[in-house]
$ cat coords-v8.pdb   # PDB, C-alpha atoms
ATOM      1  CA  MET A  22     -22.486  19.916  14.105
ATOM      2  CA  LYS A  23     -25.519  17.683  13.732
ATOM      3  CA  LEU A  24     -25.065  13.977  14.409
ATOM      4  CA  PHE A  25     -27.410  11.075  14.028
ATOM      5  CA  THR A  26     -26.967   7.343  13.621
ATOM      6  CA  SER A  27     -29.122   4.773  11.967
ATOM      7  CA  CYS A  28     -28.551   1.065  11.468
ATOM      8  CA  MET A  29     -29.279  -0.390   8.047
ATOM      9  CA  GLY A  30     -27.998  -3.862   7.218
ATOM     10  CA  GLY A  31     -25.433  -3.793   9.986
ATOM     11  CA  ARG A  32     -24.147  -0.404   8.956
ATOM     12  CA  ALA A  33     -24.274   2.772  11.005
ATOM     13  CA  SER A  34     -24.402   6.187   9.352
ATOM     14  CA  ARG A  35     -23.519   9.546  10.780
ATOM     15  CA  GLU A  36     -24.281  12.812   9.053
ATOM     16  CA  GLU A  37     -22.106  15.815   9.831
ATOM     17  CA  LYS A  38     -22.198  19.473   8.940
ATOM     18  CA  ASP A  39     -19.369  21.862   9.683
ATOM     19  CA  PRO A  40     -20.194  24.731  12.040
ATOM     20  CA  PRO A  41     -20.675  28.290  10.738
ATOM     21  CA  GLY A  42     -17.359  29.727   9.673
ATOM     22  CA  GLY A  43     -15.955  26.239   9.029
ATOM     23  CA  ARG A  44     -14.081  25.460   5.868
ATOM     24  CA  HIS A  45     -16.934  23.542   4.260
ATOM     25  CA  GLN A  46     -20.663  24.232   4.452
ATOM     26  CA  ARG A  47     -22.070  20.862   3.461
ATOM     27  CA  ARG A  48     -23.338  17.604   4.859
ATOM     28  CA  THR A  49     -21.346  14.412   4.611
ATOM     29  CA  THR A  50     -22.459  10.922   5.578
ATOM     30  CA  VAL A  51     -19.946   8.746   7.404
ATOM     31  CA  HIS A  52     -20.671   5.007   7.305
ATOM     32  CA  ARG A  53     -19.300   2.899  10.146
ATOM     33  CA  PHE A  54     -18.803  -0.808   9.575
ATOM     34  CA  SER A  55     -17.870  -3.578  11.961
ATOM     35  CA  ARG A  56     -14.185  -4.353  11.801
ATOM     36  CA  VAL A  57     -13.083  -7.432   9.885
ATOM     37  CA  HIS A  58      -9.681  -7.810  11.583
ATOM     38  CA  GLN A  59      -8.646  -7.944  15.195
ATOM     39  CA  GLY A  60      -5.770  -5.514  15.600
ATOM     40  CA  THR A  61      -3.723  -3.806  12.917
ATOM     41  CA  VAL A  62      -4.592  -3.995   9.226
ATOM     42  CA  ASN A  63      -1.124  -4.337   7.702
ATOM     43  CA  CYS A  64      -1.715  -4.145   3.972
ATOM     44  CA  LEU A  65      -4.235  -3.458   1.207
ATOM     45  CA  ALA A  66      -4.727  -4.161  -2.491
ATOM     46  CA  GLU A  67      -7.465  -3.576  -5.044
ATOM     47  CA  GLY A  68      -9.829  -6.464  -5.744
ATOM     48  CA  ALA A  69     -10.875  -7.581  -9.216
ATOM     49  CA  SER A  70     -14.440  -6.264  -8.857
ATOM     50  CA  PRO A  71     -15.373  -2.613  -8.311
ATOM     51  CA  ASP A  72     -15.739  -1.639  -4.658
ATOM     52  CA  THR A  73     -13.706  -4.622  -3.432
ATOM     53  CA  ILE A  74     -10.372  -4.578  -1.645
ATOM     54  CA  ILE A  75      -8.044  -7.230  -0.266
ATOM     55  CA  THR A  76      -6.920  -6.732   3.331
ATOM     56  CA  GLY A  77      -4.187  -8.433   5.334
ATOM     57  CA  GLY A  78      -4.234  -8.333   9.115
ATOM     58  CA  GLY A  79      -2.059  -8.853  12.128
ATOM     59  CA  ASP A  80      -4.605 -11.471  13.228
ATOM     60  CA  GLY A  81      -3.306 -13.908  10.603
ATOM     61  CA  ASN A  82      -6.201 -13.509   8.169
ATOM     62  CA  ALA A  83      -6.811 -11.837   4.841
ATOM     63  CA  THR A  84     -10.187 -10.836   3.441
ATOM     64  CA  LEU A  85     -11.855  -9.866   0.214
ATOM     65  CA  PHE A  86     -14.078  -7.013   1.377
ATOM     66  CA  ASP A  87     -16.890  -5.149  -0.419
ATOM     67  CA  TYR A  88     -16.903  -1.631   0.990
ATOM     68  CA  SER A  89     -20.111  -0.644  -0.815
ATOM     69  CA  SER A  90     -22.104  -3.177   1.199
ATOM     70  CA  GLY A  91     -19.844  -3.373   4.245
ATOM     71  CA  LYS A  92     -19.629  -7.155   3.933
ATOM     72  CA  VAL A  93     -16.769  -9.628   3.740
ATOM     73  CA  VAL A  94     -17.002 -11.499   0.438
ATOM     74  CA  ARG A  95     -14.444 -14.097   1.504
ATOM     75  CA  TYR A  96     -12.195 -14.831   4.464
ATOM     76  CA  LEU A  97      -8.744 -16.138   3.542
ATOM     77  CA  ARG A  98      -7.696 -17.858   6.730
ATOM     78  CA  HIS A  99      -4.022 -18.642   7.258
ATOM     79  CA  ASP A 100      -3.700 -21.846   9.274
ATOM     80  CA  THR A 101      -0.517 -20.741  11.071
ATOM     81  CA  GLY A 102      -2.158 -17.661  12.585
ATOM     82  CA  LYS A 103       0.901 -15.528  11.739
ATOM     83  CA  ALA A 104       0.367 -11.954  10.539
ATOM     84  CA  VAL A 105      -0.402 -11.345   6.876
ATOM     85  CA  THR A 106       2.227  -8.841   5.769
ATOM     86  CA  ALA A 107       1.653  -8.440   2.012
ATOM     87  CA  VAL A 108      -1.257  -8.815  -0.421
ATOM     88  CA  VAL A 109      -1.738  -8.315  -4.146
ATOM     89  CA  GLY A 110      -4.632  -8.916  -6.530
ATOM     90  CA  SER A 111      -5.162  -9.007 -10.281
ATOM     91  CA  LYS A 112      -7.980  -8.062 -12.631
ATOM     92  CA  CYS A 113      -8.607 -11.748 -13.353
ATOM     93  CA  GLY A 114      -9.297 -12.380  -9.673
ATOM     94  CA  ARG A 115      -6.006 -13.812  -8.472
ATOM     95  CA  ILE A 116      -5.135 -13.093  -4.853
ATOM     96  CA  VAL A 117      -1.652 -13.623  -3.424
ATOM     97  CA  THR A 118      -0.628 -13.129   0.196
ATOM     98  CA  GLY A 119       2.669 -13.119   2.047
ATOM     99  CA  SER A 120       2.972 -13.869   5.729
ATOM    100  CA  ARG A 121       5.171 -13.702   8.782
ATOM    101  CA  ASP A 122       5.196 -17.515   8.609
ATOM    102  CA  THR A 123       7.649 -17.143   5.617
ATOM    103  CA  CYS A 124       5.121 -18.530   3.085
ATOM    104  CA  VAL A 125       3.532 -17.121  -0.068
ATOM    105  CA  ARG A 126      -0.019 -18.261  -0.866
ATOM    106  CA  LEU A 127      -2.036 -18.170  -4.081
ATOM    107  CA  TRP A 128      -5.761 -18.367  -3.337
ATOM    108  CA  ASP A 129      -8.498 -20.195  -5.237
ATOM    109  CA  GLY A 130     -11.638 -19.300  -3.332
ATOM    110  CA  THR A 131     -10.766 -20.060   0.275
ATOM    111  CA  THR A 132      -8.159 -22.712  -0.611
ATOM    112  CA  ALA A 133      -4.501 -21.797  -0.957
ATOM    113  CA  THR A 134      -1.522 -23.168  -2.846
ATOM    114  CA  THR A 135       1.487 -22.548  -0.611
ATOM    115  CA  PHE A 136       4.900 -21.536  -1.933
ATOM    116  CA  THR A 137       7.799 -22.151   0.453
ATOM    117  CA  GLY A 138      11.373 -20.961   0.046
ATOM    118  CA  HIS A 139      11.878 -17.911   2.234
ATOM    119  CA  THR A 140      13.387 -18.227   5.696
ATOM    120  CA  LEU A 141      12.095 -14.971   7.213
ATOM    121  CA  VAL A 142       8.921 -12.876   7.011
ATOM    122  CA  VAL A 143       7.621 -12.185   3.487
ATOM    123  CA  THR A 144       7.420  -8.404   3.151
ATOM    124  CA  ALA A 145       6.219  -7.967  -0.446
ATOM    125  CA  VAL A 146       4.454  -9.834  -3.263
ATOM    126  CA  VAL A 147       3.697  -8.789  -6.851
ATOM    127  CA  LEU A 148       2.242 -10.471  -9.926
ATOM    128  CA  SER A 149       4.182 -10.382 -13.197
ATOM    129  CA  GLY A 150       2.358 -12.209 -15.958
ATOM    130  CA  ASP A 151       2.272 -15.898 -15.031
ATOM    131  CA  ARG A 152       4.692 -15.405 -12.144
ATOM    132  CA  ILE A 153       4.573 -14.443  -8.507
ATOM    133  CA  ILE A 154       7.549 -12.453  -7.251
ATOM    134  CA  SER A 155       8.136 -12.233  -3.517
ATOM    135  CA  GLY A 156      10.589 -10.393  -1.287
ATOM    136  CA  SER A 157      11.624 -11.075   2.280
ATOM    137  CA  ARG A 158      13.772  -9.940   5.164
ATOM    138  CA  ASP A 159      16.006 -12.916   4.307
ATOM    139  CA  ASN A 160      17.666 -10.715   1.593
ATOM    140  CA  CYS A 161      16.033 -12.857  -1.067
ATOM    141  CA  ILE A 162      13.761 -12.191  -4.067
ATOM    142  CA  ASN A 163      12.004 -15.284  -5.430
ATOM    143  CA  ALA A 164      10.133 -15.767  -8.717
ATOM    144  CA  TRP A 165       7.534 -18.555  -8.843
ATOM    145  CA  ASP A 166       5.694 -20.130 -11.767
ATOM    146  CA  ILE A 167       1.961 -19.981 -11.047
ATOM    147  CA  ALA A 168       1.012 -22.978 -13.194
ATOM    148  CA  THR A 169       3.580 -25.405 -11.751
ATOM    149  CA  SER A 170       4.240 -23.785  -8.328
ATOM    150  CA  LYS A 171       7.958 -24.182  -9.056
ATOM    151  CA  LEU A 172      10.634 -21.736  -7.942
ATOM    152  CA  LEU A 173      12.122 -20.284 -11.150
ATOM    153  CA  TYR A 174      14.707 -17.863  -9.788
ATOM    154  CA  SER A 175      16.039 -16.935  -6.387
ATOM    155  CA  ILE A 176      18.381 -13.977  -5.924
ATOM    156  CA  THR A 177      20.089 -13.214  -2.631
ATOM    157  CA  GLU A 178      22.073 -10.035  -2.029
ATOM    158  CA  SER A 179      23.854  -9.248   1.220
ATOM    159  CA  ARG A 180      22.085  -6.716   3.480
ATOM    160  CA  ASN A 181      19.257  -6.329   0.952
ATOM    161  CA  LEU A 182      16.358  -6.743   3.398
ATOM    162  CA  ILE A 183      13.409  -6.163   1.064
ATOM    163  CA  THR A 184      10.772  -3.703   2.296
ATOM    164  CA  SER A 185       8.573  -3.387  -0.811
ATOM    165  CA  LEU A 186       8.200  -4.354  -4.474
ATOM    166  CA  THR A 187       6.232  -2.869  -7.365
ATOM    167  CA  MET A 188       6.070  -3.407 -11.135
ATOM    168  CA  THR A 189       6.566  -0.672 -13.733
ATOM    169  CA  GLY A 190       4.051  -2.164 -16.159
ATOM    170  CA  GLY A 191       6.780  -3.790 -18.282
ATOM    171  CA  HIS A 192       9.529  -6.131 -17.178
ATOM    172  CA  LEU A 193      11.068  -3.811 -14.597
ATOM    173  CA  LEU A 194      10.644  -4.539 -10.908
ATOM    174  CA  VAL A 195      11.253  -1.744  -8.382
ATOM    175  CA  GLN A 196      12.491  -2.751  -4.946
ATOM    176  CA  THR A 197      13.262  -0.834  -1.746
ATOM    177  CA  SER A 198      15.444  -2.077   1.051
ATOM    178  CA  GLU A 199      16.596  -1.623   4.610
ATOM    179  CA  ASP A 200      20.057  -0.931   3.195
ATOM    180  CA  LYS A 201      18.614   2.478   2.146
ATOM    181  CA  ARG A 202      18.757   1.753  -1.578
ATOM    182  CA  VAL A 203      16.273   1.566  -4.447
ATOM    183  CA  ARG A 204      16.931  -1.156  -7.024
ATOM    184  CA  LEU A 205      15.605  -2.032 -10.493
ATOM    185  CA  TRP A 206      15.408  -5.685 -11.574
ATOM    186  CA  ASP A 207      14.534  -7.375 -14.884
ATOM    187  CA  THR A 208      11.776  -9.844 -13.954
ATOM    188  CA  ARG A 209      12.510 -12.160 -16.877
ATOM    189  CA  ASN A 210      15.638 -13.497 -15.159
ATOM    190  CA  LEU A 211      15.866 -11.422 -11.962
ATOM    191  CA  GLU A 212      18.945  -9.624 -13.298
ATOM    192  CA  LEU A 213      19.908  -6.434 -11.455
ATOM    193  CA  VAL A 214      19.499  -3.464 -13.814
ATOM    194  CA  HIS A 215      20.307  -0.436 -11.643
ATOM    195  CA  VAL A 216      20.939   0.684  -8.059
ATOM    196  CA  TYR A 217      20.088   4.296  -7.196
ATOM    197  CA  PRO A 218      22.350   6.306  -4.855
ATOM    198  CA  VAL A 219      22.042   5.336  -1.203
ATOM    199  CA  LYS A 220      19.744   7.456   0.993
ATOM    200  CA  GLN A 221      20.286   8.437   4.613
ATOM    201  CA  TYR A 222      17.395   6.366   5.965
ATOM    202  CA  ILE A 223      15.722   3.039   5.206
ATOM    203  CA  GLN A 224      13.474   3.148   2.129
ATOM    204  CA  SER A 225      10.264   1.595   3.391
ATOM    205  CA  CYS A 226       7.810   1.636   0.450
ATOM    206  CA  CYS A 227       7.534   2.357  -3.269
ATOM    207  CA  ASP A 228       5.173   2.801  -6.205
ATOM    208  CA  VAL A 229       5.403   3.620  -9.938
ATOM    209  CA  ASN A 230       3.202   6.046 -11.887
ATOM    210  CA  THR A 231       0.892   4.845 -14.661
ATOM    211  CA  ALA A 232       3.266   6.031 -17.395
ATOM    212  CA  GLY A 233       6.116   4.027 -15.893
ATOM    213  CA  THR A 234       8.389   7.072 -15.802
ATOM    214  CA  LEU A 235       8.642   7.878 -12.085
ATOM    215  CA  ILE A 236       9.141   5.962  -8.845
ATOM    216  CA  VAL A 237       7.980   7.308  -5.497
ATOM    217  CA  THR A 238       9.492   6.030  -2.247
ATOM    218  CA  GLY A 239       8.893   6.716   1.428
ATOM    219  CA  SER A 240      11.621   6.978   4.030
ATOM    220  CA  ASN A 241      11.972   5.749   7.565
ATOM    221  CA  GLY A 242      12.828   8.356  10.220
ATOM    222  CA  PHE A 243      11.680  10.051  13.402
ATOM    223  CA  ASN A 244      11.007  13.544  14.788
ATOM    224  CA  GLY A 245      10.967  14.934  11.243
ATOM    225  CA  SER A 246      14.455  13.645  10.423
ATOM    226  CA  GLY A 247      14.259  11.498   7.313
ATOM    227  CA  CYS A 248      10.519  10.847   6.818
ATOM    228  CA  GLU A 249      10.675  12.258   3.286
ATOM    229  CA  VAL A 250       8.810  11.239   0.130
ATOM    230  CA  SER A 251      11.166  10.969  -2.864
ATOM    231  CA  LEU A 252      10.610  10.935  -6.626
ATOM    232  CA  TRP A 253      13.026   9.044  -8.882
ATOM    233  CA  ASP A 254      13.351   9.156 -12.688
ATOM    234  CA  ILE A 255      13.326   5.664 -14.216
ATOM    235  CA  ARG A 256      14.689   6.556 -17.644
ATOM    236  CA  ASN A 257      17.443   8.915 -16.471
ATOM    237  CA  ARG A 258      18.203   6.870 -13.332
ATOM    238  CA  MET A 259      18.276   9.851 -10.974
ATOM    239  CA  LEU A 260      16.675  11.351  -7.865
ATOM    240  CA  VAL A 261      14.275  14.097  -8.939
ATOM    241  CA  LYS A 262      12.742  15.554  -5.748
ATOM    242  CA  GLU A 263      12.460  15.123  -2.011
ATOM    243  CA  MET A 264       9.252  16.198  -0.264
ATOM    244  CA  HIS A 265       9.345  16.849   3.477
ATOM    245  CA  GLY A 266       6.482  17.212   5.959
ATOM    246  CA  HIS A 267       5.919  13.941   7.795
ATOM    247  CA  GLU A 268       7.165  13.732  11.385
ATOM    248  CA  GLU A 269       7.554   9.944  11.551
ATOM    249  CA  SER A 270       8.346   7.070   9.190
ATOM    250  CA  VAL A 271       6.489   7.049   5.872
ATOM    251  CA  ASN A 272       4.887   3.587   5.678
ATOM    252  CA  THR A 273       3.087   3.842   2.346
ATOM    253  CA  VAL A 274       3.087   5.860  -0.902
ATOM    254  CA  ARG A 275       0.868   5.635  -3.979
ATOM    255  CA  PHE A 276       0.500   7.536  -7.235
ATOM    256  CA  PHE A 277      -3.034   8.460  -8.231
ATOM    257  CA  PRO A 278      -3.748   6.537 -11.469
ATOM    258  CA  GLU A 279      -3.273   8.412 -14.733
ATOM    259  CA  THR A 280      -1.402  11.281 -13.073
ATOM    260  CA  THR A 281       2.292  12.020 -13.515
ATOM    261  CA  GLU A 282       3.331  13.272 -10.077
ATOM    262  CA  MET A 283       0.239  13.259  -7.816
ATOM    263  CA  VAL A 284       1.008  11.097  -4.788
ATOM    264  CA  VAL A 285      -0.647  10.192  -1.499
ATOM    265  CA  SER A 286       1.527   9.209   1.462
ATOM    266  CA  GLY A 287       0.669   7.742   4.871
ATOM    267  CA  SER A 288       2.848   7.728   7.935
ATOM    268  CA  LYS A 289       3.363   6.489  11.452
ATOM    269  CA  ASP A 290       2.431  10.074  12.460
ATOM    270  CA  SER A 291      -1.249   9.336  11.508
ATOM    271  CA  LEU A 292      -1.073  11.884   8.672
ATOM    272  CA  LEU A 293      -2.267  11.403   5.107
ATOM    273  CA  LYS A 294      -0.689  13.871   2.687
ATOM    274  CA  VAL A 295      -1.343  14.536  -0.989
ATOM    275  CA  TRP A 296       1.523  15.917  -3.059
ATOM    276  CA  ASP A 297       1.529  17.224  -6.623
ATOM    277  CA  LYS A 298       4.505  18.412  -8.648
ATOM    278  CA  GLY A 299       6.711  18.136  -5.614
ATOM    279  CA  ALA A 300       4.585  20.239  -3.250
ATOM    280  CA  GLU A 301       2.180  19.271  -0.479
ATOM    281  CA  ILE A 302      -1.353  20.362  -1.340
ATOM    282  CA  ILE A 303      -3.440  18.890   1.495
ATOM    283  CA  GLU A 304      -3.081  16.793   4.630
ATOM    284  CA  LYS A 305      -5.352  15.116   7.155
ATOM    285  CA  ARG A 306      -4.634  13.578  10.527
ATOM    286  CA  LEU A 307      -6.709  10.525  11.434
ATOM    287  CA  PRO A 308      -7.171  10.778  15.208
ATOM    288  CA  GLY A 309      -7.574   7.520  17.066
ATOM    289  CA  GLN A 310      -6.377   5.430  14.126
ATOM    290  CA  GLY A 311      -2.690   5.179  15.027
ATOM    291  CA  ALA A 312      -0.114   4.628  12.307
ATOM    292  CA  ILE A 313      -1.238   4.529   8.667
ATOM    293  CA  THR A 314       0.094   1.249   7.272
ATOM    294  CA  ASP A 315      -1.019   1.155   3.624
ATOM    295  CA  VAL A 316      -3.104   3.098   1.102
ATOM    296  CA  ILE A 317      -4.939   2.623  -2.202
ATOM    297  CA  ALA A 318      -5.445   5.623  -4.503
ATOM    298  CA  TYR A 319      -8.198   5.611  -7.165
ATOM    299  CA  ARG A 320      -8.807   7.535 -10.380
ATOM    300  CA  ASN A 321     -11.782   9.391  -8.879
ATOM    301  CA  LYS A 322      -9.505  10.665  -6.060
ATOM    302  CA  ASN A 323     -10.968   8.257  -3.527
ATOM    303  CA  ILE A 324      -8.481   6.882  -1.019
ATOM    304  CA  ILE A 325      -8.659   3.853   1.256
ATOM    305  CA  CYS A 326      -6.048   3.522   3.959
ATOM    306  CA  SER A 327      -5.317   0.823   6.529
ATOM    307  CA  THR A 328      -4.271   1.695  10.068
ATOM    308  CA  ASN A 329      -3.531   0.209  13.463
ATOM    309  CA  ASN A 330      -7.278   0.360  14.165
ATOM    310  CA  GLY A 331      -8.984  -0.653  10.936
ATOM    311  CA  CYS A 332      -9.546   1.033   7.582
ATOM    312  CA  VAL A 333     -10.777   4.457   6.489
ATOM    313  CA  LYS A 334     -12.181   5.547   3.113
ATOM    314  CA  LEU A 335     -11.805   9.200   2.151
ATOM    315  CA  THR A 336     -12.418  11.437  -0.836
ATOM    316  CA  VAL A 337     -10.193  14.311  -1.934
ATOM    317  CA  ASP A 338     -12.689  17.153  -2.393
ATOM    318  CA  ASP A 339     -12.132  20.915  -2.757
ATOM    319  CA  GLN A 340      -8.543  20.684  -1.553
ATOM    320  CA  ASP A 341      -9.555  18.743   1.550
ATOM    321  CA  PHE A 342     -10.246  15.178   2.684
ATOM    322  CA  VAL A 343     -13.811  14.029   3.365
ATOM    323  CA  VAL A 344     -14.171  10.864   5.454
ATOM    324  CA  ASP A 345     -16.768   8.484   3.962
ATOM    325  CA  MET A 346     -16.274   5.269   5.921
ATOM    326  CA  LEU A 347     -14.590   4.255   9.158
ATOM    327  CA  CYS A 348     -13.344   1.124  10.918
ATOM    328  CA  PHE A 349     -13.975  -1.671   8.446
TER     329      PHE A 349
END
$ encode --input "coords-v8.pdb" --output "structure tokens"
Amino acid sequence: MKLFTSCMGGRASREEKDPPGGRHQRRTTVHRFSRVHQGTVNCLAEGASPDTIITGGGDGNATLFDYSSGKVVRYLRHDTGKAVTAVVGSKCGRIVTGSRDTCVRLWDGTTATTFTGHTLVVTAVVLSGDRIISGSRDNCINAWDIATSKLLYSITESRNLITSLTMTGGHLLVQTSEDKRVRLWDTRNLELVHVYPVKQYIQSCCDVNTAGTLIVTGSNGFNGSGCEVSLWDIRNRMLVKEMHGHEESVNTVRFFPETTEMVVSGSKDSLLKVWDKGAEIIEKRLPGQGAITDVIAYRNKNIICSTNNGCVKLTVDDQDFVVDMLCF
């Protein structure tokens, strides 16, 4: 393996080549950027511009980060210093964050409009048209009007500690919970549409494919018990498949855009796995990164994941992962 580093614009590069007999005979350049958060990066979302992402950190800050240049476009500083636990962005440039301080914030540049109404940590935020929908460990889902900042609906259900939210592309909201259930809600009035059969372990994360036909969820667990990735049919309201392979809790799952069943999952076991049609096709452990906390999957099979020690960008190439960037 040949290594060298060079510094260009605050960025270090390292070129690697696998040894003879290795799986790949090619050179790859790994760019190393200075970290933008102190401690764990809790959550990620796509930015409005190409090559930008939104990050939320345990240090109480969020950023809009350009990974092509390795520079922070904007710091979104939360005055309470409490961990940022959820982020979401839109194509028109809106950025919304949720925090351990129980508040939801809508950002205009570096200035935030604050939405208050939860009593415990905000665990999930999504955008639905002209509304922000937030979920919390207080068993409550809130819907806010962006133009007026008013609370439109607030639904509380016993033991429904929300772990994640995602939109189907229409009016359906998918929600996972610590009560081990997956729920569907109509966002127009926050009416409960369907509750899937209870699982054995907490459902920690969820996503919906581009077609709006399948849900993927990740399960809490330990020592290989639980820790599964599950596919659910939206139209037929049924569990389709369970995919096993992680050894610890699955913290994040994402469909690759414009695919039906191709999913990437990240876990507390430091493993990234790609699944297709219910079977694992590749995996990669990220040594020294700790738990994988969130992931973004792109059309070109690029992946960005957040971890206890920063962020990593990878490319799925020839049935393997290639690391492009580290620790930003």
$ resolve_selection --input "coords-v8.pdb" --expression "the PyMOL selection byres ((chain A and resi 126) around 12)" --output "ChimeraX atom specification"
/A:82-83,97-100,105-110,115-125,127-138,143,146-147,153-155,165,167,170
$ closest_residue --input "coords-v8.pdb" --among "A:Gly299, A:Pro308, A:Gly331, A:Gly190" --to "Gly79 of chain A" --atoms "all atoms listed in the file"
A:Gly331
$ resolve_selection --input "coords-v8.pdb" --expression "the PyMOL selection byres ((chain A and resi 217) around 12)" --output "PyMOL selection string"
chain A and resi 195-198+200-206+213-216+218-220+224+236+238+251-261
$ write_last_selection --input "coords-v8.pdb" --atoms "C-alpha atoms" --output "PDB file, keeping the file's coordinate frame"
ATOM      1  CA  VAL A 195      11.253  -1.744  -8.382  1.00  0.00           C
ATOM      2  CA  GLN A 196      12.491  -2.751  -4.946  1.00  0.00           C
ATOM      3  CA  THR A 197      13.262  -0.834  -1.746  1.00  0.00           C
ATOM      4  CA  SER A 198      15.444  -2.077   1.051  1.00  0.00           C
ATOM      5  CA  ASP A 200      20.057  -0.931   3.195  1.00  0.00           C
ATOM      6  CA  LYS A 201      18.614   2.478   2.146  1.00  0.00           C
ATOM      7  CA  ARG A 202      18.757   1.753  -1.578  1.00  0.00           C
ATOM      8  CA  VAL A 203      16.273   1.566  -4.447  1.00  0.00           C
ATOM      9  CA  ARG A 204      16.931  -1.156  -7.024  1.00  0.00           C
ATOM     10  CA  LEU A 205      15.605  -2.032 -10.493  1.00  0.00           C
ATOM     11  CA  TRP A 206      15.408  -5.685 -11.574  1.00  0.00           C
ATOM     12  CA  LEU A 213      19.908  -6.434 -11.455  1.00  0.00           C
ATOM     13  CA  VAL A 214      19.499  -3.464 -13.814  1.00  0.00           C
ATOM     14  CA  HIS A 215      20.307  -0.436 -11.643  1.00  0.00           C
ATOM     15  CA  VAL A 216      20.939   0.684  -8.059  1.00  0.00           C
ATOM     16  CA  PRO A 218      22.350   6.306  -4.855  1.00  0.00           C
ATOM     17  CA  VAL A 219      22.042   5.336  -1.203  1.00  0.00           C
ATOM     18  CA  LYS A 220      19.744   7.456   0.993  1.00  0.00           C
ATOM     19  CA  GLN A 224      13.474   3.148   2.129  1.00  0.00           C
ATOM     20  CA  ILE A 236       9.141   5.962  -8.845  1.00  0.00           C
ATOM     21  CA  THR A 238       9.492   6.030  -2.247  1.00  0.00           C
ATOM     22  CA  SER A 251      11.166  10.969  -2.864  1.00  0.00           C
ATOM     23  CA  LEU A 252      10.610  10.935  -6.626  1.00  0.00           C
ATOM     24  CA  TRP A 253      13.026   9.044  -8.882  1.00  0.00           C
ATOM     25  CA  ASP A 254      13.351   9.156 -12.688  1.00  0.00           C
ATOM     26  CA  ILE A 255      13.326   5.664 -14.216  1.00  0.00           C
ATOM     27  CA  ARG A 256      14.689   6.556 -17.644  1.00  0.00           C
ATOM     28  CA  ASN A 257      17.443   8.915 -16.471  1.00  0.00           C
ATOM     29  CA  ARG A 258      18.203   6.870 -13.332  1.00  0.00           C
ATOM     30  CA  MET A 259      18.276   9.851 -10.974  1.00  0.00           C
ATOM     31  CA  LEU A 260      16.675  11.351  -7.865  1.00  0.00           C
ATOM     32  CA  VAL A 261      14.275  14.097  -8.939  1.00  0.00           C
TER      33      VAL A 261
END
$ resolve_selection --input "coords-v8.pdb" --expression "the PyMOL selection byres ((chain A and resi 78) around 8)" --output "ChimeraX atom specification"
/A:58-64,76-77,79-83,104-106
$ residues_around --input "coords-v8.pdb" --residues "Ala164 of chain A" --least-positions-apart "4" --cutoff "9 Å" --atoms "all atoms listed in the file" --output "list of chain:residue names"
A:Arg152, A:Ile153, A:Ile154, A:Ser155, A:Lys171, A:Leu172, A:Leu173, A:Tyr174, A:Ser175, A:Ile176, A:Thr208, A:Asn210, A:Leu211
$ atom_distance --input "coords-v8.pdb" --atom1 "atom CA of Cys227 of chain A" --atom2 "atom CA of Tyr88 of chain A"
25.1 Å
$ closest_residue --input "coords-v8.pdb" --among "A:Thr187, A:Phe342, A:Asn323, A:Pro278" --to "Leu307 of chain A" --atoms "all atoms listed in the file"
A:Phe342
$ residues_around --input "coords-v8.pdb" --residues "Ala300 of chain A" --least-positions-apart "3" --cutoff "12 Å" --atoms "all atoms listed in the file" --output "list of chain:residue names"
A:Glu249, A:Val250, A:Ser251, A:Leu252, A:Lys262, A:Glu263, A:Met264, A:His265, A:Gly266, A:Glu282, A:Met283, A:Val284, A:Val285, A:Lys294, A:Val295, A:Trp296, A:Asp297, A:Ile303, A:Glu304
$ residues_around --input "coords-v8.pdb" --residues "Ile324 of chain A" --least-positions-apart "5" --cutoff "8 Å" --atoms "all atoms listed in the file" --output "tab-separated table (two decimals) with C-alpha atoms, in the frame of the given file"
chain	number	residue	atom	x	y	z
A	316	VAL	CA	-3.10	3.10	1.10
A	317	ILE	CA	-4.94	2.62	-2.20
A	318	ALA	CA	-5.44	5.62	-4.50
A	319	TYR	CA	-8.20	5.61	-7.16
A	334	LYS	CA	-12.18	5.55	3.11
A	335	LEU	CA	-11.80	9.20	2.15
A	336	THR	CA	-12.42	11.44	-0.84
A	337	VAL	CA	-10.19	14.31	-1.93
$ residues_around --input "coords-v8.pdb" --residues "Cys326 of chain A" --least-positions-apart "4" --cutoff "6 Å" --atoms "all atoms listed in the file" --output "NGL selection string"
:A and (315-316 or 332-333)
$ atom_distance --input "coords-v8.pdb" --atom1 "atom CA of Gly191 of chain A" --atom2 "atom CA of Lys112 of chain A"
16.4 Å
$ closest_residue --input "coords-v8.pdb" --among "A:Asn230, A:Val344, A:Phe243, A:Ser90" --to "Val274 of chain A" --atoms "only C-alpha atoms"
A:Asn230
$ closest_residue --input "coords-v8.pdb" --among "A:Asn272, A:Thr231, A:Thr140, A:Thr280" --to "Thr328 of chain A" --atoms "all atoms listed in the file"
A:Asn272
$ atom_distance --input "coords-v8.pdb" --atom1 "atom CA of Met188 of chain A" --atom2 "atom CA of Ser70 of chain A"
20.8 Å
$ axis_aligned_box --input "coords-v8.pdb" --around "segment 86-99 of chain A" --padding-each-side "4 Å" --output "JSON"
{"center_x": -13.1, "center_y": -9.6, "center_z": 3.2, "size_x": 26.1, "size_y": 26.0, "size_z": 16.1}
